[in-house]
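Participant: Just passing along the structure, written as structure tokens.
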Amino acid sequence: MTQTNDFSKGSVVGNIIKLAIPMTLAQLVNVLYNIVDRMYIGLLPKDATLALTGMGLTLPIITIIIAFANLFGMGGAPLCSIARGRGEKEEAEAIMGNSFTLLLSTGLIITIVCFLLKRPMLYLFGASDATYPFANQYISIYLLGSVFVMLGLGMNSFINAQGFGKIGMFSVVIGAVTNIILDPILIFVFDMGIQGAAIATVISQMISALWILRFLTGKKTILKLRRKTMRLSLQRVKAITGLGMSGFIMAATNGAVQIACNTTLQSYGGDLYVGVMTVINSIREIIGMPVSGITNSAQPVMGFNYGASEYKRVKKAIKFMAVTSITYTTVIWGLLNWFPEFFIRLFNHESELIEAAIPAMRIYYFGFFMMSLQFVGQATFVALGKSKYAIFFSLLRKAIIVVPLTLLLPQIANLGTNGVFLAEPISNFLGGAACIITMFFTVWRELGDKS
């Protein structure tokens, strides 16, 4: 790539890999924000499983925050790449400035609303009288940093969209390293338990967000965050939210799935199985990270080349993204099936939870490779600005398939808790196949006709 990060030059695969390596590492480190907290909490000498379950109950709230970060970050960044590919630098900067304003204002509103409604929300999400105190302690502190979460996640997309993969990685690393250092000190040394984990997370996210804003307002960035670009334009807001709605729905429906799973598991298995789902979700965050890294790094390359009318290069990017994602998820499926206890013990060592989690994992991750087909199709639709397709398939897999199945399957043939875990692989097969087939018959054919 040149100094202006022109993705229409050089190897398509090379451009993706140059972004993918640092972005995947950044994804790994970003996952550590929440994962490390859960790892340490799972090692508490007292009430480890209750505390871990309490943290799991806060995931829907955290997911809502991430959903809005995706709405404006993942909505604005592809538009930024397309505008940059067309040579429209001022428009690209205006899109970035509008996204910043949306992230900041929405972050403040979410903080206030969640503080007011946290108690009824946590009980709605499956809390019991035993787990509520732990969930409340964690989320009350976490919400104080929700603005930093949104700015960090949302604005880092614009660093990666410009081709600064290493800077984007460092933006996440600086916060995660702070979190990893502070966690054991606050949790164990100062004996703050779950509250210490929350404080460490808020401090680390604040540092990461400030670093990102410093870069985007500095001299080394291609597109600069300027005050004059922060004034909202209705046309840009519609475009940003329209394209970002896919990422928003994916995250929001993840929250809906977490709520459905927790409440159903609470009914059929109690706090133990809510804890099992917390462990399974934590493992998913780790193993899903390389797929997210590849698909997210391919988006700026596809968007830029689409804007520059280099349609053959877009198709090459799609092929590479599909082959690598399917290969990886097939391999990881085998590892999860053969060595489930290894992954479970990363988060909890209590024999009762491990015994319950092993069969649950084998059901939940069955045919895991089909999930990658959804990611590939979604990434392509988003990168090329095909918002309607992206939104539909976001809704299809989670809202239309997973949530109803999560509520219905436990009642069929005495499946109970197994029915909750079975909903995921069914959705991967149906949703993944539908998404990739539609992408082939729409986008792929369109690119073929234009090239």
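In the structure tokens, chains take letters A, B, ... by order of appearance, with residues numbered from 1 within each chain and ligands from 1 in the order shown.
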Got a sec: who's within 8 Å of stretch 125-134 of chain A, counting only C-alpha atoms, leaving out chain neighbours fewer than 4 positions off, as a PyMOL selection string?

Facilitator: chain A and resi 50-51+53-55+57+60+121+138+194+258-260+262-263+266+271

Participant: Run DSSP on the backbone and grab whatever in stretch 377-406 of chain A lands in alpha helix (DSSP H); send it over as a PDB file with C-alpha atoms, in the first residue's frame.

Facilitator:
```
ATOM      1  CA  GLY A 377     -22.154 -12.612   3.570  1.00  0.00           C
ATOM      2  CA  GLN A 378     -22.783  -9.910   6.166  1.00  0.00           C
ATOM      3  CA  ALA A 379     -19.310  -8.398   5.737  1.00  0.00           C
ATOM      4  CA  THR A 380     -19.775  -8.216   1.967  1.00  0.00           C
ATOM      5  CA  PHE A 381     -23.191  -6.561   2.187  1.00  0.00           C
ATOM      6  CA  VAL A 382     -21.928  -3.980   4.699  1.00  0.00           C
ATOM      7  CA  ALA A 383     -18.692  -3.206   2.820  1.00  0.00           C
ATOM      8  CA  SER A 387     -27.816  -2.132   3.908  1.00  0.00           C
ATOM      9  CA  LYS A 388     -31.176  -3.831   3.230  1.00  0.00           C
ATOM     10  CA  TYR A 389     -29.608  -7.271   2.785  1.00  0.00           C
ATOM     11  CA  ALA A 390     -27.313  -6.770   5.769  1.00  0.00           C
ATOM     12  CA  ILE A 391     -30.225  -5.802   8.023  1.00  0.00           C
ATOM     13  CA  PHE A 392     -32.447  -8.660   6.879  1.00  0.00           C
ATOM     14  CA  PHE A 393     -29.888 -11.376   7.538  1.00  0.00           C
ATOM     15  CA  SER A 394     -28.963  -9.851  10.888  1.00  0.00           C
ATOM     16  CA  LEU A 395     -32.606 -10.212  11.909  1.00  0.00           C
ATOM     17  CA  VAL A 403     -35.009 -16.464  19.971  1.00  0.00           C
ATOM     18  CA  PRO A 404     -38.191 -18.427  19.090  1.00  0.00           C
ATOM     19  CA  LEU A 405     -36.279 -21.738  19.118  1.00  0.00           C
ATOM     20  CA  THR A 406     -34.699 -20.893  22.488  1.00  0.00           C
TER      21      THR A 406
END
```

Participant: Using only C-alpha atoms, pick whichever of A:Ile61, A:Ser171, A:Ala433, A:Lys89 has the shortest atom-to-atom distance to A:Pro120.

Facilitator: A:Ile61

Participant: Hey, can you check how far atom CA of A:Val177 sits from atom CA of A:Lys220?

Facilitator: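 These atoms are spaced 23.8 Å apart.
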
Participant: Rank A:Lys315, A:Gln411, A:Thr111, A:Glu355 by their smallest atom-to-atom distance to A:Asp449, using only C-alpha atoms, and report the top residue only.

Facilitator: A:Lys315

Participant: Rank nothing, just name the residue among A:Val279, A:Ile249, A:Val173, A:Ile212 nearest to A:Ala356, using only C-alpha atoms.

Facilitator: A:Val279

Participant: What lies within 9 Å of A:Gly385 using only C-alpha atoms, ignoring chain neighbours under 6 positions off, as a VMD selection string?

Facilitator: chain A and resid 78 to 79 82 243 303

Participant: Only all heavy atoms, please: the residues just picked out, written as a PDB file, in the first residue's frame.

Facilitator:
```
ATOM      1  N   PRO A  78     -17.493   2.087   6.646  1.00  0.00           N
ATOM      2  CA  PRO A  78     -17.548   1.663   5.238  1.00  0.00           C
ATOM      3  C   PRO A  78     -17.883   2.814   4.284  1.00  0.00           C
ATOM      4  O   PRO A  78     -17.345   2.888   3.174  1.00  0.00           O
ATOM      5  CB  PRO A  78     -18.670   0.608   5.235  1.00  0.00           C
ATOM      6  CG  PRO A  78     -18.750   0.120   6.636  1.00  0.00           C
ATOM      7  CD  PRO A  78     -18.442   1.327   7.471  1.00  0.00           C
ATOM      8  N   LEU A  79     -18.770   3.711   4.705  1.00  0.00           N
ATOM      9  CA  LEU A  79     -19.080   4.886   3.873  1.00  0.00           C
ATOM     10  C   LEU A  79     -17.844   5.757   3.695  1.00  0.00           C
ATOM     11  O   LEU A  79     -17.622   6.337   2.632  1.00  0.00           O
ATOM     12  CB  LEU A  79     -20.209   5.699   4.526  1.00  0.00           C
ATOM     13  CG  LEU A  79     -21.590   5.029   4.574  1.00  0.00           C
ATOM     14  CD1 LEU A  79     -22.559   5.901   5.374  1.00  0.00           C
ATOM     15  CD2 LEU A  79     -22.126   4.800   3.164  1.00  0.00           C
ATOM     16  N   ILE A  82     -15.644   4.056   1.068  1.00  0.00           N
ATOM     17  CA  ILE A  82     -16.173   4.256  -0.287  1.00  0.00           C
ATOM     18  C   ILE A  82     -15.901   5.681  -0.761  1.00  0.00           C
ATOM     19  O   ILE A  82     -15.478   5.898  -1.904  1.00  0.00           O
ATOM     20  CB  ILE A  82     -17.685   3.928  -0.316  1.00  0.00           C
ATOM     21  CG1 ILE A  82     -17.910   2.428  -0.067  1.00  0.00           C
ATOM     22  CG2 ILE A  82     -18.299   4.342  -1.657  1.00  0.00           C
ATOM     23  CD1 ILE A  82     -19.371   2.037   0.125  1.00  0.00           C
ATOM     24  N   LEU A 243     -26.678   2.046   7.055  1.00  0.00           N
ATOM     25  CA  LEU A 243     -25.681   0.998   6.849  1.00  0.00           C
ATOM     26  C   LEU A 243     -25.280   0.357   8.170  1.00  0.00           C
ATOM     27  O   LEU A 243     -25.025  -0.851   8.242  1.00  0.00           O
ATOM     28  CB  LEU A 243     -24.453   1.585   6.144  1.00  0.00           C
ATOM     29  CG  LEU A 243     -23.399   0.578   5.683  1.00  0.00           C
ATOM     30  CD1 LEU A 243     -24.021  -0.491   4.793  1.00  0.00           C
ATOM     31  CD2 LEU A 243     -22.273   1.284   4.935  1.00  0.00           C
ATOM     32  N   GLY A 303     -14.665  -2.101   0.226  1.00  0.00           N
ATOM     33  CA  GLY A 303     -15.348  -0.817   0.061  1.00  0.00           C
ATOM     34  C   GLY A 303     -14.564   0.149  -0.804  1.00  0.00           C
ATOM     35  O   GLY A 303     -15.123   0.815  -1.687  1.00  0.00           O
TER      36      GLY A 303
END
```

Participant: Which is closer to A:Leu407 than all the others in A:Phe343, A:Tyr273, A:Tyr268, A:Tyr364, using only C-alpha atoms?

Facilitator: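 For A:Leu407, the nearest of the given residues is A:Tyr268.
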
Participant: Between atom CA of A:Gln374 and atom CA of A:Lys18, measure the distance and give it in Å to one decimal.

Facilitator: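 For atom CA of A:Gln374 relative to atom CA of A:Lys18, the distance reads 23.4 Å.
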
Participant: Which neighbours of A:Phe368 fall inside 12 Å, counting only C-alpha atoms, when residues of the same chain fewer than 2 positions from it are skipped, and could you give them as number ranges by chain?

Facilitator: A: 284, 287-288, 291, 325-337, 361-366, 370-375, 424-429, 432

Participant: Closest to A:Leu153 among A:Ser208, A:Gly97, A:Leu116, A:Ala69, using only C-alpha atoms?

Facilitator: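 Counting only C-alpha atoms, the residue closest to A:Leu153 is A:Ala69.
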
Participant: Closest to A:Pro290 among A:Val402, A:Ala77, A:Leu28, A:Leu143, using only C-alpha atoms?

Facilitator: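 Using only C-alpha atoms, A:Pro290 sits closest to A:Leu28.
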